[in-house]
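Trainee: What follows is my_file.pdb, made up of PDB, C-alpha atoms and all ligand atoms:
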ATOM      1  CA  MET A 258      59.543  99.055  55.227  1.00  0.00           C
ATOM      2  CA  THR A 259      59.908  97.539  58.691  1.00  0.00           C
ATOM      3  CA  VAL A 260      60.015  93.790  58.623  1.00  0.00           C
ATOM      4  CA  VAL A 261      59.793  92.789  62.273  1.00  0.00           C
ATOM      5  CA  LEU A 262      56.916  94.312  64.204  1.00  0.00           C
ATOM      6  CA  THR A 263      57.905  96.549  67.102  1.00  0.00           C
ATOM      7  CA  LEU A 264      55.016  97.682  69.233  1.00  0.00           C
ATOM      8  CA  THR A 265      55.721 101.279  70.270  1.00  0.00           C
ATOM      9  CA  PRO A 266      53.398 103.425  72.417  1.00  0.00           C
ATOM     10  CA  ASP A 267      52.596 105.486  69.287  1.00  0.00           C
ATOM     11  CA  LEU A 268      51.520 102.362  67.425  1.00  0.00           C
ATOM     12  CA  ALA A 269      49.305 101.297  70.357  1.00  0.00           C
ATOM     13  CA  THR A 270      47.731 104.776  70.254  1.00  0.00           C
ATOM     14  CA  LEU A 271      46.996 104.383  66.531  1.00  0.00           C
ATOM     15  CA  TYR A 272      45.290 101.030  67.188  1.00  0.00           C
ATOM     16  CA  ALA A 273      43.172 102.496  69.994  1.00  0.00           C
ATOM     17  CA  ALA A 274      41.986 105.211  67.578  1.00  0.00           C
ATOM     18  CA  ALA A 275      41.336 102.877  64.630  1.00  0.00           C
ATOM     19  CA  PHE A 276      39.685 100.138  66.743  1.00  0.00           C
ATOM     20  CA  PRO A 277      37.748 101.907  69.513  1.00  0.00           C
ATOM     21  CA  ASP A 278      35.752  98.736  70.300  1.00  0.00           C
ATOM     22  CA  GLU A 279      38.491  96.128  70.016  1.00  0.00           C
ATOM     23  CA  ASP A 280      41.787  95.749  71.871  1.00  0.00           C
ATOM     24  CA  LEU A 281      44.376  94.363  69.488  1.00  0.00           C
ATOM     25  CA  VAL A 282      47.332  95.477  71.592  1.00  0.00           C
ATOM     26  CA  PRO A 283      47.754  92.074  73.326  1.00  0.00           C
ATOM     27  CA  LEU A 284      48.066  90.424  69.909  1.00  0.00           C
ATOM     28  CA  LEU A 285      50.592  93.031  68.752  1.00  0.00           C
ATOM     29  CA  GLN A 286      52.481  92.701  72.040  1.00  0.00           C
ATOM     30  CA  GLY A 287      52.715  88.948  71.546  1.00  0.00           C
ATOM     31  CA  LEU A 288      54.046  89.305  68.006  1.00  0.00           C
ATOM     32  CA  SER A 289      56.321  92.276  68.721  1.00  0.00           C
ATOM     33  CA  GLY A 290      60.003  91.508  68.269  1.00  0.00           C
ATOM     34  CA  GLN A 291      59.296  88.029  66.935  1.00  0.00           C
ATOM     35  CA  PRO A 292      60.589  86.879  63.557  1.00  0.00           C
ATOM     36  CA  GLY A 293      58.059  86.148  60.842  1.00  0.00           C
ATOM     37  CA  THR A 294      56.159  89.397  60.637  1.00  0.00           C
ATOM     38  CA  LEU A 295      56.076  92.032  57.929  1.00  0.00           C
ATOM     39  CA  SER A 296      55.148  95.349  59.494  1.00  0.00           C
ATOM     40  CA  LEU A 297      54.474  98.364  57.283  1.00  0.00           C
ATOM     41  CA  ILE A 298      54.151 101.821  58.784  1.00  0.00           C
ATOM     42  CA  GLU A 299      53.287 105.210  57.321  1.00  0.00           C
ATOM     43  CA  GLY A 300      54.163 108.388  59.207  1.00  0.00           C
ATOM     44  CA  SER A 301      55.928 109.284  62.413  1.00  0.00           C
ATOM     45  CA  PRO A 302      53.996 109.111  64.647  1.00  0.00           C
ATOM     46  CA  PRO A 303      52.303 106.389  62.628  1.00  0.00           C
ATOM     47  CA  VAL A 304      49.034 107.193  60.860  1.00  0.00           C
ATOM     48  CA  ALA A 305      48.733 103.844  59.114  1.00  0.00           C
ATOM     49  CA  HIS A 306      49.961 100.355  59.862  1.00  0.00           C
ATOM     50  CA  VAL A 307      49.520  97.000  58.149  1.00  0.00           C
ATOM     51  CA  LEU A 308      50.763  93.711  59.505  1.00  0.00           C
ATOM     52  CA  PHE A 309      51.381  90.400  57.774  1.00  0.00           C
ATOM     53  CA  THR A 310      52.344  87.290  59.745  1.00  0.00           C
ATOM     54  CA  LEU A 311      54.133  84.411  58.087  1.00  0.00           C
ATOM     55  CA  GLY A 312      52.658  80.968  58.578  1.00  0.00           C
ATOM     56  CA  GLN A 313      52.518  77.589  56.913  1.00  0.00           C
ATOM     57  CA  ILE A 314      49.993  75.294  55.287  1.00  0.00           C
ATOM     58  CA  ASN A 315      51.346  71.754  55.028  1.00  0.00           C
ATOM     59  CA  GLY A 316      54.871  73.149  55.018  1.00  0.00           C
ATOM     60  CA  ALA A 317      54.189  75.765  52.332  1.00  0.00           C
ATOM     61  CA  LYS A 318      55.085  79.369  53.152  1.00  0.00           C
ATOM     62  CA  VAL A 319      51.951  81.526  53.377  1.00  0.00           C
ATOM     63  CA  ALA A 320      51.013  84.768  55.153  1.00  0.00           C
ATOM     64  CA  LEU A 321      48.073  86.183  57.047  1.00  0.00           C
ATOM     65  CA  LEU A 322      47.154  89.814  56.418  1.00  0.00           C
ATOM     66  CA  GLY A 323      45.916  91.782  59.404  1.00  0.00           C
ATOM     67  CA  PRO A 324      45.342  93.768  61.360  1.00  0.00           C
ATOM     68  CA  ALA A 325      45.332  96.956  59.300  1.00  0.00           C
ATOM     69  CA  ALA A 326      44.827 100.299  61.015  1.00  0.00           C
ATOM     70  CA  VAL A 327      44.563 103.789  59.577  1.00  0.00           C
ATOM     71  CA  HIS A 328      43.921 106.755  61.860  1.00  0.00           C
ATOM     72  CA  PRO A 329      40.270 107.870  61.498  1.00  0.00           C
ATOM     73  CA  ASP A 330      41.405 111.331  60.367  1.00  0.00           C
ATOM     74  CA  ARG A 331      43.366 109.747  57.520  1.00  0.00           C
ATOM     75  CA  GLN A 332      41.047 106.948  56.386  1.00  0.00           C
ATOM     76  CA  GLY A 333      39.871 106.844  52.788  1.00  0.00           C
ATOM     77  CA  GLN A 334      43.034 108.513  51.444  1.00  0.00           C
ATOM     78  CA  GLY A 335      44.607 105.385  50.023  1.00  0.00           C
ATOM     79  CA  LEU A 336      47.089 104.788  52.860  1.00  0.00           C
ATOM     80  CA  GLY A 337      45.743 101.354  53.794  1.00  0.00           C
ATOM     81  CA  SER A 338      45.655 100.231  50.162  1.00  0.00           C
ATOM     82  CA  ARG A 339      49.197 101.439  49.556  1.00  0.00           C
ATOM     83  CA  LEU A 340      50.661  99.534  52.509  1.00  0.00           C
ATOM     84  CA  ILE A 341      48.670  96.385  51.683  1.00  0.00           C
ATOM     85  CA  ARG A 342      49.887  96.456  48.064  1.00  0.00           C
ATOM     86  CA  GLN A 343      53.487  97.085  49.172  1.00  0.00           C
ATOM     87  CA  GLY A 344      53.285  94.164  51.588  1.00  0.00           C
ATOM     88  CA  ILE A 345      51.805  91.786  49.031  1.00  0.00           C
ATOM     89  CA  ALA A 346      54.495  92.747  46.500  1.00  0.00           C
ATOM     90  CA  HIS A 347      57.222  92.095  49.074  1.00  0.00           C
ATOM     91  CA  LEU A 348      55.726  88.719  50.023  1.00  0.00           C
ATOM     92  CA  GLY A 349      55.552  87.766  46.353  1.00  0.00           C
ATOM     93  CA  GLU A 350      59.260  88.524  45.990  1.00  0.00           C
ATOM     94  CA  THR A 351      60.108  86.355  48.979  1.00  0.00           C
ATOM     95  CA  GLY A 352      58.345  83.204  47.801  1.00  0.00           C
ATOM     96  CA  VAL A 353      55.112  83.357  49.785  1.00  0.00           C
ATOM     97  CA  ALA A 354      52.587  81.115  48.031  1.00  0.00           C
ATOM     98  CA  MET A 355      49.346  82.723  49.184  1.00  0.00           C
ATOM     99  CA  VAL A 356      48.047  85.452  51.485  1.00  0.00           C
ATOM    100  CA  LEU A 357      44.990  84.890  53.683  1.00  0.00           C
ATOM    101  CA  VAL A 358      42.766  87.425  55.375  1.00  0.00           C
ATOM    102  CA  LEU A 359      39.666  87.515  57.538  1.00  0.00           C
ATOM    103  CA  GLY A 360      37.992  90.774  56.631  1.00  0.00           C
ATOM    104  CA  ASP A 361      35.347  92.609  54.658  1.00  0.00           C
ATOM    105  CA  PRO A 362      35.272  91.248  51.063  1.00  0.00           C
ATOM    106  CA  ALA A 363      34.106  94.688  49.910  1.00  0.00           C
ATOM    107  CA  TYR A 364      37.511  96.043  50.933  1.00  0.00           C
ATOM    108  CA  TYR A 365      39.884  93.118  50.371  1.00  0.00           C
ATOM    109  CA  GLY A 366      38.296  92.159  47.042  1.00  0.00           C
ATOM    110  CA  ARG A 367      39.963  95.202  45.470  1.00  0.00           C
ATOM    111  CA  PHE A 368      43.359  93.577  46.010  1.00  0.00           C
ATOM    112  CA  GLY A 369      42.233  90.368  44.323  1.00  0.00           C
ATOM    113  CA  PHE A 370      41.260  88.400  47.441  1.00  0.00           C
ATOM    114  CA  LEU A 371      38.610  85.743  46.783  1.00  0.00           C
ATOM    115  CA  PRO A 372      36.579  83.564  49.185  1.00  0.00           C
ATOM    116  CA  GLU A 373      38.718  80.663  50.425  1.00  0.00           C
ATOM    117  CA  THR A 374      37.472  77.177  51.248  1.00  0.00           C
ATOM    118  CA  GLY A 375      40.526  74.894  50.915  1.00  0.00           C
ATOM    119  CA  ALA A 376      42.788  76.661  53.399  1.00  0.00           C
ATOM    120  CA  GLU A 377      41.358  76.579  56.910  1.00  0.00           C
ATOM    121  CA  PRO A 378      41.824  79.291  59.551  1.00  0.00           C
ATOM    122  CA  PRO A 379      43.765  78.233  62.675  1.00  0.00           C
ATOM    123  CA  CYS A 380      40.666  78.601  64.885  1.00  0.00           C
ATOM    124  CA  PRO A 381      37.017  78.008  64.002  1.00  0.00           C
ATOM    125  CA  ILE A 382      35.202  81.052  62.670  1.00  0.00           C
ATOM    126  CA  PRO A 383      31.443  81.663  62.926  1.00  0.00           C
ATOM    127  CA  GLU A 384      29.518  80.259  59.957  1.00  0.00           C
ATOM    128  CA  ASP A 385      28.255  83.667  58.871  1.00  0.00           C
ATOM    129  CA  TRP A 386      31.870  84.924  58.714  1.00  0.00           C
ATOM    130  CA  ARG A 387      32.883  82.313  56.122  1.00  0.00           C
ATOM    131  CA  PRO A 388      32.655  84.800  53.213  1.00  0.00           C
ATOM    132  CA  ALA A 389      35.119  87.017  55.122  1.00  0.00           C
ATOM    133  CA  TRP A 390      37.794  84.286  54.991  1.00  0.00           C
ATOM    134  CA  GLN A 391      39.640  85.041  51.753  1.00  0.00           C
ATOM    135  CA  SER A 392      42.873  84.362  49.961  1.00  0.00           C
ATOM    136  CA  LEU A 393      45.073  85.838  47.295  1.00  0.00           C
ATOM    137  CA  VAL A 394      47.163  83.228  45.502  1.00  0.00           C
ATOM    138  CA  LEU A 395      50.654  84.500  44.630  1.00  0.00           C
ATOM    139  CA  THR A 396      52.181  81.287  43.283  1.00  0.00           C
ATOM    140  CA  GLN A 397      49.884  78.351  44.012  1.00  0.00           C
ATOM    141  CA  PRO A 398      46.981  77.519  46.335  1.00  0.00           C
ATOM    142  CA  HIS A 399      47.375  75.199  49.325  1.00  0.00           C
ATOM    143  CA  ARG A 400      44.762  73.216  51.189  1.00  0.00           C
ATOM    144  CA  GLY A 401      44.845  72.482  54.898  1.00  0.00           C
ATOM    145  CA  ARG A 402      44.974  74.281  58.225  1.00  0.00           C
ATOM    146  CA  LEU A 403      46.908  77.513  58.514  1.00  0.00           C
ATOM    147  CA  SER A 404      49.577  77.258  61.168  1.00  0.00           C
ATOM    148  CA  LEU A 405      50.507  80.569  62.825  1.00  0.00           C
ATOM    149  CA  PRO A 406      52.618  81.792  65.766  1.00  0.00           C
ATOM    150  CA  ALA A 407      51.036  81.337  69.214  1.00  0.00           C
ATOM    151  CA  PRO A 408      49.714  84.917  69.693  1.00  0.00           C
ATOM    152  CA  TRP A 409      47.264  84.246  66.837  1.00  0.00           C
ATOM    153  CA  LEU A 410      45.844  81.101  68.445  1.00  0.00           C
ATOM    154  CA  SER A 411      43.362  82.876  70.676  1.00  0.00           C
ATOM    155  CA  GLN A 412      39.789  81.973  69.758  1.00  0.00           C
ATOM    156  CA  ASP A 413      38.690  85.535  70.589  1.00  0.00           C
ATOM    157  CA  LEU A 414      40.590  86.837  67.539  1.00  0.00           C
ATOM    158  CA  TRP A 415      38.484  84.667  65.236  1.00  0.00           C
ATOM    159  CA  ARG A 416      34.937  85.405  66.336  1.00  0.00           C
TER     160      ARG A 416
HETATM  161  C1  LIG A 501      40.024  99.412  56.761  1.00  0.00           C
HETATM  162  C2  LIG A 501      41.167 100.408  56.684  1.00  0.00           C
HETATM  163  C3  LIG A 501      42.491  99.748  57.076  1.00  0.00           C
HETATM  164  C4  LIG A 501      41.276 100.851  55.204  1.00  0.00           C
HETATM  165  O1  LIG A 501      42.333 101.784  55.065  1.00  0.00           O
HETATM  166  P1  LIG A 501      42.060 103.189  54.341  1.00  0.00           P
HETATM  167  O2  LIG A 501      43.359 103.844  54.156  1.00  0.00           O
HETATM  168  O3  LIG A 501      41.003 103.923  55.084  1.00  0.00           O
HETATM  169  O4  LIG A 501      41.437 102.684  52.963  1.00  0.00           O
HETATM  170  P2  LIG A 501      41.855 103.170  51.507  1.00  0.00           P
HETATM  171  O5  LIG A 501      41.908 104.659  51.473  1.00  0.00           O
HETATM  172  O6  LIG A 501      43.032 102.428  51.072  1.00  0.00           O
HETATM  173  O7  LIG A 501      40.619 102.649  50.695  1.00  0.00           O
HETATM  174  C5  LIG A 501      39.430 103.367  50.792  1.00  0.00           C
HETATM  175  C6  LIG A 501      38.317 102.533  50.226  1.00  0.00           C
HETATM  176  O8  LIG A 501      38.086 101.416  51.074  1.00  0.00           O
HETATM  177  C7  LIG A 501      36.752 101.442  51.522  1.00  0.00           C
HETATM  178  N1  LIG A 501      36.758 100.913  52.890  1.00  0.00           N
HETATM  179  C8  LIG A 501      37.431 101.380  53.938  1.00  0.00           C
HETATM  180  N2  LIG A 501      37.194 100.610  55.020  1.00  0.00           N
HETATM  181  C9  LIG A 501      36.345  99.639  54.610  1.00  0.00           C
HETATM  182  C10 LIG A 501      35.729  98.560  55.253  1.00  0.00           C
HETATM  183  N3  LIG A 501      35.918  98.288  56.562  1.00  0.00           N
HETATM  184  N4  LIG A 501      34.925  97.772  54.523  1.00  0.00           N
HETATM  185  C11 LIG A 501      34.728  97.998  53.210  1.00  0.00           C
HETATM  186  N5  LIG A 501      35.286  99.019  52.555  1.00  0.00           N
HETATM  187  C12 LIG A 501      36.093  99.833  53.250  1.00  0.00           C
HETATM  188  C13 LIG A 501      36.331 102.875  51.458  1.00  0.00           C
HETATM  189  O9  LIG A 501      34.935 102.970  51.357  1.00  0.00           O
HETATM  190  C14 LIG A 501      37.026 103.323  50.171  1.00  0.00           C
HETATM  191  O10 LIG A 501      36.296 102.878  49.055  1.00  0.00           O
HETATM  192  P3  LIG A 501      36.404 103.613  47.632  1.00  0.00           P
HETATM  193  O11 LIG A 501      37.822 103.531  47.178  1.00  0.00           O
HETATM  194  O12 LIG A 501      35.484 102.818  46.758  1.00  0.00           O
HETATM  195  O13 LIG A 501      35.965 105.015  47.875  1.00  0.00           O
HETATM  196  C15 LIG A 501      40.914 101.649  57.565  1.00  0.00           C
HETATM  197  O14 LIG A 501      39.751 102.297  57.136  1.00  0.00           O
HETATM  198  C16 LIG A 501      40.799 101.357  59.061  1.00  0.00           C
HETATM  199  O15 LIG A 501      41.782 101.373  59.780  1.00  0.00           O
HETATM  200  N6  LIG A 501      39.571 101.092  59.545  1.00  0.00           N
HETATM  201  C17 LIG A 501      39.344 100.806  60.963  1.00  0.00           C
HETATM  202  C18 LIG A 501      39.987  99.526  61.400  1.00  0.00           C
HETATM  203  C19 LIG A 501      39.586  98.344  60.518  1.00  0.00           C
HETATM  204  O16 LIG A 501      38.409  98.073  60.316  1.00  0.00           O
HETATM  205  N7  LIG A 501      40.612  97.636  60.002  1.00  0.00           N
HETATM  206  C20 LIG A 501      40.404  96.519  59.084  1.00  0.00           C
HETATM  207  C21 LIG A 501      40.186  95.253  59.776  1.00  0.00           C
HETATM  208  S1  LIG A 501      41.682  94.532  60.368  1.00  0.00           S
END
Kindly transcribe the structure held in the file into structure tokens.
Ligand SMILES: CC(C)(COP(=O)(O)OP(=O)(O)OC[C@H]1O[C@@H](n2cnc3c(N)ncnc32)[C@H](O)[C@@H]1OP(=O)(O)O)[C@@H](O)C(=O)NCCC(=O)NCCS

Mentor:
Amino acid sequence: MTVVLTLTPDLATLYAAAFPDEDLVPLLQGLSGQPGTLSLIEGSPPVAHVLFTLGQINGAKVALLGPAAVHPDRQGQGLGSRLIRQGIAHLGETGVAMVLVLGDPAYYGRFGFLPETGAEPPCPIPEDWRPAWQSLVLTQPHRGRLSLPAPWLSQDLWR
């Protein structure tokens, strides 16, 4: 398990394949080498990657899940689920109170994520995306705005 994200060319290639219509490399570049990420990789070159970023809500330690990328040739084989579960287990062992995600409830619901209304995302999200803002409480819930490292504070990432 890699803890600090390191953006390699191979990882950028995986993201281009998994997200043909979205460029997440600037976000990954901004977070690369910074403390406060939990980066999980499968394969060399990587075929699956899941990122968690540590943040705070009113001083409580929380984490944001995302992005998650599995190579199209390897999707649906359980790789994404395995890395997400590994990451959540690790965060639970390190005292993270809750994990937040903006993503499809049909996917994230299987890990126990539920719609979240008390914890606010760092940037406004479109009204019809509200059901996609979810949380998984590991110790206790927290209400308030999620504070994250600067690379996450681009409005484009939240709409
Ligand atoms: C979403 C993603 C990370 C899931 O990883 P994966 O390894 O393919 O998924 P798993 O094998 O762990 O789980 C497969 C299950 O998830 C479902 N699933 C996969 N992607 C889904 C999505 N975007 N929405 C809802 N369900 C999804 C599959 O239908 C399958 O369901 P089943 O178990 O009932 O058959 C991967 O498909 C991917 O990289 N997709 C493109 C990029 C993306 O959308 N990333 C997520 C947003 S950050």

Trainee: Give the residues close to ligand LIG 501 (chain A), within 7 Å, counting only C-alpha atoms and all ligand atoms; write them as a list in words.

Mentor: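 Within the 7 Å cut-off, the matching residues are Ala275, Phe276, Gly323, Pro324, Ala325, Ala326, Val327, His328, Pro329, Arg331, Gln332, Gly333, Gln334, Gly335, Leu336, Gly337, Ser338, Arg339, Gly360, Asp361, Ala363 and Tyr364 of chain A.
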
Trainee: Please dump the current selection as a PDB file, in the frame of the given file; keep C-alpha atoms.

Mentor:
ATOM      1  CA  ALA A 275      41.336 102.877  64.630  1.00  0.00           C
ATOM      2  CA  PHE A 276      39.685 100.138  66.743  1.00  0.00           C
ATOM      3  CA  GLY A 323      45.916  91.782  59.404  1.00  0.00           C
ATOM      4  CA  PRO A 324      45.342  93.768  61.360  1.00  0.00           C
ATOM      5  CA  ALA A 325      45.332  96.956  59.300  1.00  0.00           C
ATOM      6  CA  ALA A 326      44.827 100.299  61.015  1.00  0.00           C
ATOM      7  CA  VAL A 327      44.563 103.789  59.577  1.00  0.00           C
ATOM      8  CA  HIS A 328      43.921 106.755  61.860  1.00  0.00           C
ATOM      9  CA  PRO A 329      40.270 107.870  61.498  1.00  0.00           C
ATOM     10  CA  ARG A 331      43.366 109.747  57.520  1.00  0.00           C
ATOM     11  CA  GLN A 332      41.047 106.948  56.386  1.00  0.00           C
ATOM     12  CA  GLY A 333      39.871 106.844  52.788  1.00  0.00           C
ATOM     13  CA  GLN A 334      43.034 108.513  51.444  1.00  0.00           C
ATOM     14  CA  GLY A 335      44.607 105.385  50.023  1.00  0.00           C
ATOM     15  CA  LEU A 336      47.089 104.788  52.860  1.00  0.00           C
ATOM     16  CA  GLY A 337      45.743 101.354  53.794  1.00  0.00           C
ATOM     17  CA  SER A 338      45.655 100.231  50.162  1.00  0.00           C
ATOM     18  CA  ARG A 339      49.197 101.439  49.556  1.00  0.00           C
ATOM     19  CA  GLY A 360      37.992  90.774  56.631  1.00  0.00           C
ATOM     20  CA  ASP A 361      35.347  92.609  54.658  1.00  0.00           C
ATOM     21  CA  ALA A 363      34.106  94.688  49.910  1.00  0.00           C
ATOM     22  CA  TYR A 364      37.511  96.043  50.933  1.00  0.00           C
TER      23      TYR A 364
END

Trainee: Could you write out as a ChimeraX atom specification the residues that the PyMOL selection byres (((chain A and resi 277-286) around 9) and not hetatm) matches in the shown file?

Mentor: /A:262-264,269,272-276,287-290,324,408-409,411,414

Trainee: Which residues, written as a PyMOL selection string, have at least one atom at most 6 Å from segment 374-378 of chain A, with all atoms listed in the file counted and residues fewer than 6 positions away on the same chain left out?

Mentor: chain A and resi 400-403

Trainee: In Å, with one decimal, what is the gap from atom CA of Ala354 of chain A to atom CA of Pro398 of chain A?

Mentor: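 If I compute the distance from atom CA of Ala354 of chain A to atom CA of Pro398 of chain A, I get 6.9 Å.
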
Trainee: Rank A:Gln313, A:Thr270, A:Thr265, A:Thr351 by their smallest atom-to-atom distance to Leu295 of chain A, using only C-alpha atoms, and report the top residue only.

Mentor: A:Thr351

Trainee: Give me, please, the distance in Å between atom CA of Gly366 of chain A and atom CA of Ser296 of chain A, quoted to one decimal.

Mentor: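 Between atom CA of Gly366 of chain A and atom CA of Ser296 of chain A the gap is 21.2 Å.
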
Trainee: Would you write out, as number ranges by chain, every residue that the PyMOL selection byres (((chain A and resi 393) around 8) and not hetatm) captures in this file?

Mentor: A: 355-357, 369-371, 391-392, 394-395

Trainee: Using Å and a single decimal, report how far atom CA of Ala389 of chain A sits from atom CA of Leu359 of chain A.

Mentor: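 Computing the Euclidean distance for atom CA of Leu359 of chain A and atom CA of Ala389 of chain A yields 5.2 Å.
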
Trainee: Nearest to Lys318 of chain A: which of A:Pro266, A:Val353, A:Leu405, A:His399 is it, counting all atoms listed in the file?

Mentor: A:Val353

Trainee: Rank nothing, just name the residue among A:Phe309, A:Glu373, A:Gly344, A:Arg416 nearest to Asp385 of chain A, using all atoms listed in the file.

Mentor: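 Comparing A:Phe309, A:Glu373, A:Gly344, A:Arg416 against Asp385 of chain A, the winner is A:Arg416.
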
Trainee: Check the smallest atom-to-atom distance from each of A:Ile382, A:Val319, A:Val304, A:Val261 to Trp415 of chain A using only C-alpha atoms, then report the winner.

Mentor: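 Of A:Ile382, A:Val319, A:Val304, A:Val261, the one nearest Trp415 of chain A is A:Ile382, counting only C-alpha atoms.
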
Trainee: Nearest to Ala317 of chain A among A:Val260, A:Tyr365, A:Gly352, A:Arg387, with distances taken over all atoms listed in the file: which residue is it?

Mentor: A:Gly352

Trainee: Using only C-alpha atoms, list the residues that have an atom at most 6 Å from (48.9, 89.1, 56.7), coordinates as in the file, as an MDAnalysis selection string.

Mentor: chainID A and resid 308:310 320:323

Trainee: Of the candidates A:Gln397, A:Gln291, A:Pro388, A:Ala305, which shows the shortest atom-to-atom distance to Ile341 of chain A, using only C-alpha atoms?

Mentor: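 Checking each candidate against Ile341 of chain A, we get A:Ala305 as the closest.
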